[in-house]
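Participant: This one is run.cif, mmCIF, C-alpha atoms.
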data_my_file
#
loop_
_atom_site.label_atom_id
_atom_site.label_comp_id
_atom_site.auth_asym_id
_atom_site.auth_seq_id
_atom_site.Cartn_x
_atom_site.Cartn_y
_atom_site.Cartn_z
CA MET A 249 23.16 -38.62 -84.01
CA LYS A 250 21.85 -42.20 -83.91
CA ARG A 251 21.24 -44.17 -87.11
CA VAL A 252 17.79 -45.76 -87.03
CA LEU A 253 16.19 -48.37 -89.31
CA ILE A 254 12.38 -48.35 -89.30
CA THR A 255 10.76 -51.24 -91.17
CA GLY A 256 7.24 -50.50 -92.38
CA GLY A 257 8.41 -46.89 -92.51
CA ALA A 258 5.84 -45.84 -95.13
CA GLY A 259 2.93 -47.15 -93.09
CA PHE A 260 0.64 -45.33 -90.68
CA LEU A 261 2.69 -45.86 -87.51
CA GLY A 262 6.04 -46.22 -89.26
CA SER A 263 5.76 -42.82 -90.93
CA HIS A 264 4.95 -41.10 -87.65
CA LEU A 265 7.96 -42.81 -86.08
CA CYS A 266 10.13 -41.54 -88.95
CA ASP A 267 8.93 -38.02 -88.14
CA ARG A 268 9.69 -38.44 -84.45
CA PHE A 269 13.23 -39.73 -84.91
CA ILE A 270 14.02 -37.04 -87.47
CA LYS A 271 12.70 -34.47 -85.00
CA GLU A 272 14.98 -35.94 -82.31
CA GLY A 273 17.96 -35.30 -84.59
CA HIS A 274 18.65 -38.87 -85.73
CA TYR A 275 19.41 -40.32 -89.15
CA VAL A 276 16.45 -42.42 -90.33
CA ILE A 277 16.37 -45.23 -92.88
CA ALA A 278 12.79 -46.20 -93.72
CA MET A 279 12.23 -49.63 -95.30
CA ASP A 280 8.94 -50.73 -96.86
CA ASN A 281 7.76 -52.99 -99.69
CA LEU A 282 4.67 -50.75 -100.15
CA ILE A 283 2.11 -53.57 -100.11
CA THR A 284 0.10 -51.63 -97.56
CA GLY A 285 2.44 -48.67 -97.01
CA ASP A 286 2.18 -45.45 -99.01
CA LEU A 287 5.01 -43.17 -100.13
CA ARG A 288 2.69 -40.19 -99.64
CA ASN A 289 3.11 -40.74 -95.89
CA ILE A 290 6.82 -39.94 -96.04
CA GLU A 291 7.26 -37.83 -99.18
CA HIS A 292 7.71 -34.73 -97.01
CA LEU A 293 10.93 -36.32 -95.71
CA PHE A 294 12.53 -37.18 -99.06
CA LYS A 295 14.59 -33.99 -99.26
CA HIS A 296 15.70 -34.17 -95.65
CA PRO A 297 19.46 -34.79 -95.41
CA ASN A 298 19.01 -37.27 -92.55
CA PHE A 299 16.45 -39.49 -94.28
CA GLU A 300 16.58 -42.23 -96.88
CA PHE A 301 14.14 -44.84 -98.13
CA TYR A 302 14.76 -48.48 -99.08
CA HIS A 303 12.07 -50.17 -101.17
CA HIS A 304 12.54 -53.68 -99.82
CA ASP A 305 10.68 -56.65 -98.32
CA VAL A 306 12.04 -57.42 -94.86
CA SER A 307 11.04 -61.08 -95.31
CA LYS A 308 14.05 -61.27 -97.62
CA PHE A 309 17.69 -60.74 -96.61
CA ILE A 310 18.33 -57.23 -95.29
CA HIS A 311 21.54 -55.34 -95.96
CA VAL A 312 22.03 -51.84 -94.59
CA PRO A 313 25.52 -50.37 -94.96
CA GLY A 314 27.13 -48.52 -92.09
CA GLU A 315 26.38 -48.48 -88.40
CA LEU A 316 22.92 -48.89 -86.89
CA ASP A 317 21.99 -47.97 -83.34
CA TYR A 318 18.27 -48.83 -83.32
CA ILE A 319 16.03 -51.10 -85.38
CA LEU A 320 12.25 -50.64 -85.14
CA HIS A 321 10.41 -53.58 -86.71
CA PHE A 322 7.01 -52.15 -87.64
CA ALA A 323 6.53 -53.89 -90.98
CA SER A 324 3.30 -55.89 -91.11
CA PRO A 325 -0.23 -55.74 -92.44
CA ALA A 326 -2.18 -54.42 -89.48
CA SER A 327 -5.88 -54.62 -90.26
CA PRO A 328 -8.17 -57.58 -90.95
CA ILE A 329 -8.84 -56.52 -94.52
CA ASP A 330 -5.07 -56.67 -95.13
CA TYR A 331 -4.07 -59.85 -93.37
CA LEU A 332 -7.10 -61.79 -94.60
CA LYS A 333 -6.14 -60.88 -98.17
CA ILE A 334 -2.40 -61.49 -97.80
CA PRO A 335 -2.19 -64.10 -95.02
CA ILE A 336 1.10 -65.70 -96.04
CA GLN A 337 2.90 -62.37 -96.30
CA THR A 338 1.54 -61.55 -92.84
CA LEU A 339 3.04 -64.72 -91.41
CA LYS A 340 6.32 -64.21 -93.25
CA VAL A 341 6.90 -60.68 -92.00
CA GLY A 342 6.34 -61.85 -88.41
CA SER A 343 8.70 -64.81 -88.77
CA LEU A 344 11.26 -64.38 -91.57
CA GLY A 345 11.07 -60.60 -91.20
CA ILE A 346 11.84 -60.53 -87.49
CA HIS A 347 14.58 -63.15 -87.96
CA ASN A 348 16.25 -60.91 -90.54
CA CYS A 349 15.93 -57.85 -88.31
CA LEU A 350 17.34 -59.64 -85.28
CA GLY A 351 20.21 -61.05 -87.33
CA LEU A 352 21.01 -57.57 -88.62
CA ALA A 353 20.86 -56.22 -85.07
CA ARG A 354 23.41 -58.82 -83.91
CA VAL A 355 25.82 -57.81 -86.65
CA LYS A 356 25.33 -54.08 -86.04
CA LYS A 357 25.12 -54.39 -82.23
CA ALA A 358 21.86 -52.45 -82.42
CA ARG A 359 18.91 -52.31 -80.04
CA VAL A 360 15.65 -53.68 -81.44
CA ILE A 361 12.06 -52.76 -80.60
CA ILE A 362 9.27 -54.78 -82.17
CA ALA A 363 5.67 -53.81 -82.81
CA SER A 364 3.57 -56.46 -81.15
CA THR A 365 -0.14 -56.04 -80.64
CA SER A 366 -3.09 -56.44 -78.33
CA GLU A 367 -4.15 -59.22 -80.71
CA VAL A 368 -1.71 -61.54 -78.92
CA TYR A 369 -4.44 -61.63 -76.24
CA GLY A 370 -6.98 -62.87 -78.82
CA ASP A 371 -10.60 -62.74 -77.64
CA PRO A 372 -9.56 -62.19 -74.01
CA LEU A 373 -10.90 -63.98 -70.98
CA VAL A 374 -9.20 -61.41 -68.72
CA HIS A 375 -10.28 -57.76 -68.64
CA PRO A 376 -8.54 -55.37 -68.80
CA GLN A 377 -5.56 -57.13 -70.36
CA THR A 378 -2.28 -57.18 -68.44
CA GLU A 379 1.06 -58.21 -69.88
CA GLU A 380 0.99 -61.37 -67.76
CA TYR A 381 -2.10 -62.66 -69.57
CA TRP A 382 -1.11 -65.32 -72.12
CA GLY A 383 -4.10 -64.87 -74.37
CA HIS A 384 -7.02 -66.77 -75.89
CA VAL A 385 -6.15 -67.18 -79.56
CA ASN A 386 -7.49 -69.50 -82.25
CA PRO A 387 -4.34 -70.40 -84.24
CA VAL A 388 -6.28 -71.83 -87.21
CA GLY A 389 -9.01 -69.17 -87.41
CA PRO A 390 -8.96 -66.42 -90.04
CA ARG A 391 -7.30 -63.95 -87.65
CA GLY A 392 -4.72 -66.51 -86.56
CA VAL A 393 -2.26 -65.49 -89.28
CA TYR A 394 -1.84 -62.09 -87.63
CA ASP A 395 -2.20 -63.12 -83.99
CA GLU A 396 0.25 -66.01 -84.23
CA ALA A 397 2.73 -64.06 -86.36
CA LYS A 398 2.94 -61.49 -83.58
CA ARG A 399 3.14 -64.14 -80.86
CA PHE A 400 5.96 -65.89 -82.73
CA GLN A 401 7.68 -62.54 -83.23
CA GLU A 402 7.65 -61.95 -79.48
CA ALA A 403 9.04 -65.44 -78.83
CA MET A 404 11.83 -65.02 -81.40
CA THR A 405 12.74 -61.61 -80.00
CA MET A 406 12.91 -62.90 -76.45
CA ALA A 407 15.02 -65.88 -77.61
CA TYR A 408 17.58 -63.52 -79.14
CA HIS A 409 17.53 -61.49 -75.94
CA THR A 410 18.12 -64.44 -73.63
CA TYR A 411 20.40 -66.56 -75.87
CA HIS A 412 22.45 -63.89 -77.66
CA GLY A 413 22.17 -61.07 -75.11
CA LEU A 414 20.65 -58.76 -77.72
CA GLU A 415 19.08 -55.55 -76.45
CA THR A 416 15.38 -55.93 -77.28
CA ARG A 417 12.12 -54.19 -76.43
CA ILE A 418 8.54 -55.37 -77.06
CA VAL A 419 5.60 -52.95 -77.36
CA ARG A 420 2.07 -54.35 -77.39
CA ILE A 421 0.07 -51.78 -79.32
CA PHE A 422 -3.66 -51.33 -78.75
CA ASN A 423 -6.08 -49.64 -81.17
CA THR A 424 -4.42 -46.50 -82.50
CA TYR A 425 -5.76 -43.77 -84.77
CA GLY A 426 -4.78 -40.50 -86.36
CA PRO A 427 -3.77 -38.86 -89.65
CA ARG A 428 -2.38 -41.15 -92.39
CA MET A 429 -4.68 -44.05 -91.61
CA ARG A 430 -6.04 -45.57 -94.82
CA LEU A 431 -9.74 -44.93 -95.27
CA ASN A 432 -10.15 -48.38 -96.83
CA ASP A 433 -8.14 -50.45 -94.36
CA GLY A 434 -11.18 -52.04 -92.73
CA ARG A 435 -10.62 -50.77 -89.20
CA VAL A 436 -13.57 -49.28 -87.42
CA LEU A 437 -12.52 -45.65 -87.11
CA PRO A 438 -11.63 -44.95 -90.77
CA ALA A 439 -14.55 -47.14 -91.84
CA PHE A 440 -17.03 -45.06 -89.83
CA ILE A 441 -15.57 -41.72 -90.94
CA GLY A 442 -15.39 -42.86 -94.56
CA GLN A 443 -19.01 -43.98 -94.47
CA ALA A 444 -20.07 -40.69 -92.89
CA LEU A 445 -18.20 -38.64 -95.51
CA ARG A 446 -19.76 -40.69 -98.32
CA GLY A 447 -23.25 -40.39 -96.81
CA GLU A 448 -23.51 -44.14 -96.20
CA ASP A 449 -25.00 -45.91 -93.20
CA LEU A 450 -22.53 -46.78 -90.45
CA THR A 451 -21.91 -50.51 -90.30
CA ILE A 452 -21.45 -52.17 -86.92
CA PHE A 453 -20.49 -55.83 -86.84
CA GLY A 454 -22.28 -57.71 -84.08
CA ASP A 455 -24.69 -56.10 -81.64
CA GLY A 456 -22.35 -53.16 -80.96
CA THR A 457 -21.70 -53.99 -77.32
CA GLN A 458 -18.14 -55.07 -78.04
CA THR A 459 -15.54 -52.56 -76.85
CA ARG A 460 -12.35 -50.97 -78.07
CA SER A 461 -9.93 -48.46 -76.54
CA PHE A 462 -8.50 -45.86 -78.94
CA CYS A 463 -5.11 -44.20 -78.52
CA TYR A 464 -4.09 -41.13 -80.54
CA VAL A 465 -0.98 -41.73 -82.62
CA ASP A 466 1.17 -39.00 -81.01
CA ASP A 467 0.61 -40.56 -77.59
CA LEU A 468 1.52 -43.99 -78.93
CA VAL A 469 4.73 -42.73 -80.55
CA GLU A 470 5.76 -41.12 -77.27
CA GLY A 471 5.24 -44.42 -75.44
CA ILE A 472 7.23 -46.34 -78.06
CA TYR A 473 10.07 -43.82 -77.87
CA ARG A 474 10.24 -44.04 -74.09
CA LEU A 475 10.19 -47.83 -74.16
CA LEU A 476 13.00 -47.99 -76.72
CA LEU A 477 15.21 -45.82 -74.49
CA SER A 478 14.29 -47.73 -71.31
CA ASP A 479 16.08 -50.74 -69.84
CA TYR A 480 12.95 -52.95 -69.79
CA ALA A 481 12.96 -56.05 -72.02
CA GLN A 482 9.58 -57.61 -71.20
CA PRO A 483 6.41 -56.71 -73.16
CA VAL A 484 4.70 -53.42 -72.31
CA ASN A 485 1.13 -52.44 -73.22
CA ILE A 486 0.88 -49.03 -74.87
CA GLY A 487 -2.68 -47.85 -75.43
CA ASN A 488 -5.46 -45.71 -74.06
CA PRO A 489 -7.50 -47.42 -71.31
CA SER A 490 -10.59 -45.30 -72.09
CA GLU A 491 -12.99 -48.03 -73.25
CA ILE A 492 -16.05 -47.48 -75.44
CA THR A 493 -18.66 -49.72 -77.07
CA MET A 494 -19.03 -49.71 -80.83
CA ASN A 495 -22.59 -48.40 -80.51
CA GLU A 496 -21.36 -45.44 -78.46
CA PHE A 497 -18.47 -44.88 -80.86
CA ALA A 498 -20.78 -44.78 -83.87
CA GLU A 499 -22.86 -42.11 -82.16
CA GLU A 500 -19.69 -40.10 -81.46
CA ILE A 501 -18.74 -40.23 -85.15
CA ILE A 502 -22.23 -39.12 -86.25
CA LYS A 503 -22.05 -36.20 -83.83
CA LEU A 504 -18.49 -35.32 -84.92
CA THR A 505 -19.27 -35.37 -88.64
CA GLY A 506 -22.64 -33.66 -88.33
CA THR A 507 -24.20 -36.30 -90.55
CA ASN A 508 -27.41 -38.18 -90.06
CA GLN A 509 -26.55 -41.75 -91.00
CA LYS A 510 -28.42 -44.75 -89.73
CA ILE A 511 -26.54 -47.45 -87.86
CA VAL A 512 -26.87 -50.90 -89.41
CA HIS A 513 -25.70 -54.17 -87.94
CA ARG A 514 -23.95 -57.06 -89.68
CA PRO A 515 -22.83 -60.47 -88.35
CA LEU A 516 -19.74 -60.40 -86.16
CA PRO A 517 -16.66 -61.86 -87.93
CA LYS A 518 -15.22 -65.11 -86.58
CA ASP A 519 -12.94 -64.70 -83.53
CA ASP A 520 -13.49 -60.94 -83.38
CA PRO A 521 -12.53 -59.79 -79.84
CA LYS A 522 -15.50 -58.81 -77.65
CA GLN A 523 -13.46 -56.60 -75.33
CA ARG A 524 -10.24 -54.68 -75.71
CA GLN A 525 -8.79 -52.49 -72.96
CA PRO A 526 -5.14 -52.20 -71.94
CA ASP A 527 -3.89 -52.28 -68.40
CA ILE A 528 -1.12 -49.65 -68.58
CA THR A 529 0.15 -49.99 -65.00
CA LYS A 530 3.60 -51.02 -66.26
CA ALA A 531 3.83 -48.16 -68.77
CA ARG A 532 2.97 -45.68 -66.04
CA ALA A 533 5.44 -47.15 -63.53
CA ILE A 534 8.38 -47.97 -65.83
CA LEU A 535 8.11 -45.29 -68.51
CA GLY A 536 6.21 -42.53 -66.72
CA TRP A 537 3.85 -42.67 -69.70
CA GLU A 538 0.13 -42.31 -70.10
CA PRO A 539 -1.99 -40.91 -72.94
CA LYS A 540 -2.53 -37.15 -72.99
CA VAL A 541 -4.85 -36.63 -75.98
CA ASP A 542 -8.50 -37.33 -75.21
CA ARG A 543 -10.68 -38.99 -77.81
CA ALA A 544 -12.70 -35.88 -78.67
CA GLU A 545 -9.55 -33.91 -79.51
CA GLY A 546 -7.89 -36.77 -81.40
CA LEU A 547 -11.01 -37.55 -83.42
CA LYS A 548 -11.36 -33.92 -84.44
CA ILE A 549 -7.78 -33.85 -85.79
CA THR A 550 -8.28 -37.18 -87.57
CA TYR A 551 -11.58 -36.08 -89.11
CA GLU A 552 -9.99 -32.90 -90.44
CA TYR A 553 -7.28 -35.01 -92.04
CA PHE A 554 -9.79 -37.29 -93.76
CA LYS A 555 -11.82 -34.30 -94.95
CA SER A 556 -8.68 -32.85 -96.54
CA LEU A 557 -8.09 -35.89 -98.76
CA PRO A 558 -8.95 -35.69 -102.47
CA ARG A 559 -12.52 -36.77 -103.00
CA GLU A 560 -11.55 -39.69 -105.25
CA ARG A 561 -9.71 -41.32 -102.34
CA LEU A 562 -13.02 -41.53 -100.49
CA PHE A 563 -14.24 -43.92 -103.18
CA ASP A 564 -11.06 -45.91 -103.75
CA GLU A 565 -11.66 -49.61 -104.05
CA VAL A 566 -9.77 -51.67 -101.51
CA ALA A 567 -6.71 -52.59 -103.52
CA HIS A 568 -3.22 -53.91 -102.89
CA ARG A 569 -0.10 -53.60 -104.96
CA GLU A 570 1.15 -56.56 -106.91
CA PHE A 571 2.82 -59.02 -104.60
CA ASP A 572 4.40 -62.45 -104.68
CA LYS A 573 1.82 -65.05 -103.63
CA LYS A 574 4.40 -67.61 -102.49
#
Could the structure of this file be written out as structure tokens, please?
Facilitator:
Amino acid sequence: MKRVLITGGAGFLGSHLCDRFIKEGHYVIAMDNLITGDLRNIEHLFKHPNFEFYHHDVSKFIHVPGELDYILHFASPASPIDYLKIPIQTLKVGSLGIHNCLGLARVKKARVIIASTSEVYGDPLVHPQTEEYWGHVNPVGPRGVYDEAKRFQEAMTMAYHTYHGLETRIVRIFNTYGPRMRLNDGRVLPAFIGQALRGEDLTIFGDGTQTRSFCYVDDLVEGIYRLLLSDYAQPVNIGNPSEITMNEFAEEIIKLTGTNQKIVHRPLPKDDPKQRQPDITKARAILGWEPKVDRAEGLKITYEYFKSLPRERLFDEVAHREFDKK
């Protein structure tokens, strides 16, 4: 049995990773400050003998008693509505947070995998995006707090790998979806489904020709798990290369939900990427991984999840917990 620390463990991805490592027979410590995470995502694990939860901010000193084999750093706001509202916390979790995790890993002699993102590529000038592409990022734009936090996180992780010989892994995550996403987190898939369920028009920012590539969460977790257990220390893209325009995606959601909403267009936010598609050649070759769940199947599961939520959650205002504004 391995002992595993998962930061951001009450979040969308973190909670699914908790489930996976419990399923694999490991002891899981989830850590989250609950700014964007939700205890409802992991409450089913609270009585499990191999699970515990630490309510803690990883940007502050981390102490975990006992041995640790793996540390998964998945703590971070992950949608524009989050990191535009709490920009300093976003930067801190990608700098102070990763420093604390790497320091803990040195002491515990643990292997670390960090959640990086396709946003390190910015609004890309290369398509599809390979791991060798260095990106096209505006460091002082509104999205820069997230993009640069993740870029710094990668640099810090690689520095610990090369200077201290720490075992590290870097996963660059592309758009992911599935149960436990927050309806109000501002990302396109829950936004569209939430609007459809409320009978509102579907809002597309820009002309709708911009693209995204959506990966179902179970596929992503499998890729992360394989990368952690691999011997590869360079960044690896994990995502679904099936690309779709936002106009096409809106039509898919209308068909899925059986609603009859209009599609309305709003101005495109500053520095919003026009194209997003992973090149997963490395994941296929090194990990033997590729996505298995097609979008139609994954969307159906996700829609059923959103339909099962209490009706009042459909109308929740976008709100964050109290947090330190320093």
Participant: Taking the file above as input, evaluate the PyMOL selection byres ((chain A and resi 323) around 6) and report the hits as a compact mmCIF listing (two decimals) with C-alpha atoms, in the frame of the given file.
Facilitator:
# COMPACT_ATOMS: atom_id res chain seq x y z
CA THR A 255 10.76 -51.24 -91.17
CA GLY A 256 7.24 -50.50 -92.38
CA HIS A 321 10.41 -53.58 -86.71
CA PHE A 322 7.01 -52.15 -87.64
CA SER A 324 3.30 -55.89 -91.11
Participant: So which one's closest to Met406 of chain A, A:His513, A:Arg268, A:His347, A:Lys555? Using all atoms listed in the file, please.
Facilitator: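 So, comparing all the options, the nearest one is A:His347.
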Participant: If the PyMOL selection byres ((chain A and resi 352) around 12) were run on this exact file, what residues would it hold? Put them as an NGL selection string.
Facilitator: :A and (253 or 306 or 308-321 or 345-351 or 353-360 or 408 or 414)
Participant: If you measure from atom CA of Lys503 of chain A to atom CA of Asp542 of chain A, what distance in Å do you get, rounded to one decimal?
Facilitator: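 Pair atom CA of Lys503 of chain A / atom CA of Asp542 of chain A returns 16.1 Å.
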Participant: Check which residues satisfy the PyMOL selection byres ((chain A and resi 279-281) around 7) in the file shown, then give them as JSON, numbers by chain.
Facilitator: {"A": [254, 255, 256, 257, 258, 277, 278, 282, 283, 285, 301, 302, 303, 304, 305]}
Participant: Please produce an output containing C-alpha atoms for each residue in the selection, written as an mmCIF file, keeping the file's coordinate frame.
Facilitator:
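As written to disk, part-v3.cif reads:
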data_model
loop_
_atom_site.group_PDB
_atom_site.id
_atom_site.type_symbol
_atom_site.label_atom_id
_atom_site.label_comp_id
_atom_site.auth_asym_id
_atom_site.auth_seq_id
_atom_site.Cartn_x
_atom_site.Cartn_y
_atom_site.Cartn_z
ATOM 1 C CA ILE A 254 12.380 -48.350 -89.300
ATOM 2 C CA THR A 255 10.760 -51.240 -91.170
ATOM 3 C CA GLY A 256 7.240 -50.500 -92.380
ATOM 4 C CA GLY A 257 8.410 -46.890 -92.510
ATOM 5 C CA ALA A 258 5.840 -45.840 -95.130
ATOM 6 C CA ILE A 277 16.370 -45.230 -92.880
ATOM 7 C CA ALA A 278 12.790 -46.200 -93.720
ATOM 8 C CA LEU A 282 4.670 -50.750 -100.150
ATOM 9 C CA ILE A 283 2.110 -53.570 -100.110
ATOM 10 C CA GLY A 285 2.440 -48.670 -97.010
ATOM 11 C CA PHE A 301 14.140 -44.840 -98.130
ATOM 12 C CA TYR A 302 14.760 -48.480 -99.080
ATOM 13 C CA HIS A 303 12.070 -50.170 -101.170
ATOM 14 C CA HIS A 304 12.540 -53.680 -99.820
ATOM 15 C CA ASP A 305 10.680 -56.650 -98.320
#
Participant: With distances taken over only C-alpha atoms, which of A:His264, A:Arg460, A:Arg446, A:Arg251 is nearest to Gln523 of chain A?
Facilitator: A:Arg460
Participant: Just checking: using all atoms listed in the file, which residue out of A:Glu499, A:Glu379, A:Glu560, A:Glu272 ends up closest to Ala444 of chain A?
Facilitator: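 Closest to Ala444 of chain A of all the choices is A:Glu499.
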Participant: Which residue, A:Gly370, A:Pro297, A:Pro390, A:Pro489, has the smallest gap to Pro335 of chain A when you use only C-alpha atoms?
Facilitator: A:Pro390
Participant: Grab segment 334-343 of chain A from that structure and dump all heavy atoms to a file, as an mmCIF file, in the first residue's frame.
Facilitator:
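The resulting decode.cif:
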data_model
loop_
_atom_site.group_PDB
_atom_site.id
_atom_site.type_symbol
_atom_site.label_atom_id
_atom_site.label_comp_id
_atom_site.auth_asym_id
_atom_site.auth_seq_id
_atom_site.Cartn_x
_atom_site.Cartn_y
_atom_site.Cartn_z
ATOM 1 N N ILE A 334 -9.808 35.418 -7.977
ATOM 2 C CA ILE A 334 -8.787 35.238 -6.944
ATOM 3 C C ILE A 334 -7.408 35.086 -7.617
ATOM 4 O O ILE A 334 -6.758 34.045 -7.534
ATOM 5 C CB ILE A 334 -9.113 34.029 -6.047
ATOM 6 C CG1 ILE A 334 -9.568 32.811 -6.859
ATOM 7 C CG2 ILE A 334 -10.184 34.390 -5.029
ATOM 8 C CD1 ILE A 334 -9.798 31.561 -6.003
ATOM 9 N N PRO A 335 -6.940 36.155 -8.270
ATOM 10 C CA PRO A 335 -5.700 36.051 -9.040
ATOM 11 C C PRO A 335 -4.455 35.813 -8.188
ATOM 12 O O PRO A 335 -3.552 35.076 -8.601
ATOM 13 C CB PRO A 335 -5.624 37.402 -9.763
ATOM 14 C CG PRO A 335 -6.413 38.339 -8.902
ATOM 15 C CD PRO A 335 -7.527 37.508 -8.342
ATOM 16 N N ILE A 336 -4.389 36.425 -7.022
ATOM 17 C CA ILE A 336 -3.181 36.288 -6.205
ATOM 18 C C ILE A 336 -3.091 34.874 -5.638
ATOM 19 O O ILE A 336 -2.012 34.264 -5.624
ATOM 20 C CB ILE A 336 -3.149 37.362 -5.108
ATOM 21 C CG1 ILE A 336 -3.046 38.749 -5.760
ATOM 22 C CG2 ILE A 336 -1.987 37.133 -4.152
ATOM 23 C CD1 ILE A 336 -3.217 39.903 -4.816
ATOM 24 N N GLN A 337 -4.221 34.335 -5.190
ATOM 25 C CA GLN A 337 -4.214 32.953 -4.706
ATOM 26 C C GLN A 337 -3.811 31.986 -5.818
ATOM 27 O O GLN A 337 -3.142 30.984 -5.578
ATOM 28 C CB GLN A 337 -5.596 32.575 -4.167
ATOM 29 C CG GLN A 337 -5.946 33.213 -2.849
ATOM 30 C CD GLN A 337 -6.322 34.682 -2.983
ATOM 31 O OE1 GLN A 337 -6.545 35.175 -4.097
ATOM 32 N NE2 GLN A 337 -6.377 35.385 -1.872
ATOM 33 N N THR A 338 -4.218 32.294 -7.056
ATOM 34 C CA THR A 338 -3.853 31.452 -8.192
ATOM 35 C C THR A 338 -2.349 31.449 -8.397
ATOM 36 O O THR A 338 -1.731 30.394 -8.616
ATOM 37 C CB THR A 338 -4.569 31.947 -9.464
ATOM 38 O OG1 THR A 338 -5.986 31.916 -9.241
ATOM 39 C CG2 THR A 338 -4.228 31.092 -10.657
ATOM 40 N N LEU A 339 -1.746 32.615 -8.314
ATOM 41 C CA LEU A 339 -0.290 32.706 -8.449
ATOM 42 C C LEU A 339 0.427 32.032 -7.279
ATOM 43 O O LEU A 339 1.452 31.375 -7.460
ATOM 44 C CB LEU A 339 0.129 34.174 -8.548
ATOM 45 C CG LEU A 339 -0.172 34.848 -9.886
ATOM 46 C CD1 LEU A 339 -0.132 36.369 -9.744
ATOM 47 C CD2 LEU A 339 0.828 34.394 -10.943
ATOM 48 N N LYS A 340 -0.117 32.188 -6.088
ATOM 49 C CA LYS A 340 0.541 31.621 -4.905
ATOM 50 C C LYS A 340 0.528 30.092 -4.919
ATOM 51 O O LYS A 340 1.517 29.457 -4.549
ATOM 52 C CB LYS A 340 -0.121 32.155 -3.625
ATOM 53 C CG LYS A 340 0.232 33.596 -3.317
ATOM 54 C CD LYS A 340 -0.634 34.191 -2.230
ATOM 55 C CE LYS A 340 -0.309 33.633 -0.868
ATOM 56 N NZ LYS A 340 -1.066 34.348 0.199
ATOM 57 N N VAL A 341 -0.576 29.495 -5.362
ATOM 58 C CA VAL A 341 -0.639 28.039 -5.332
ATOM 59 C C VAL A 341 0.293 27.431 -6.379
ATOM 60 O O VAL A 341 0.780 26.303 -6.216
ATOM 61 C CB VAL A 341 -2.089 27.543 -5.515
ATOM 62 C CG1 VAL A 341 -2.549 27.640 -6.955
ATOM 63 C CG2 VAL A 341 -2.256 26.126 -4.985
ATOM 64 N N GLY A 342 0.574 28.186 -7.458
ATOM 65 C CA GLY A 342 1.503 27.710 -8.482
ATOM 66 C C GLY A 342 2.950 28.023 -8.187
ATOM 67 O O GLY A 342 3.845 27.546 -8.892
ATOM 68 N N SER A 343 3.210 28.809 -7.160
ATOM 69 C CA SER A 343 4.590 29.161 -6.806
ATOM 70 C C SER A 343 4.919 28.680 -5.394
ATOM 71 O O SER A 343 5.680 27.725 -5.210
ATOM 72 C CB SER A 343 4.790 30.673 -6.937
ATOM 73 O OG SER A 343 3.815 31.393 -6.187
#
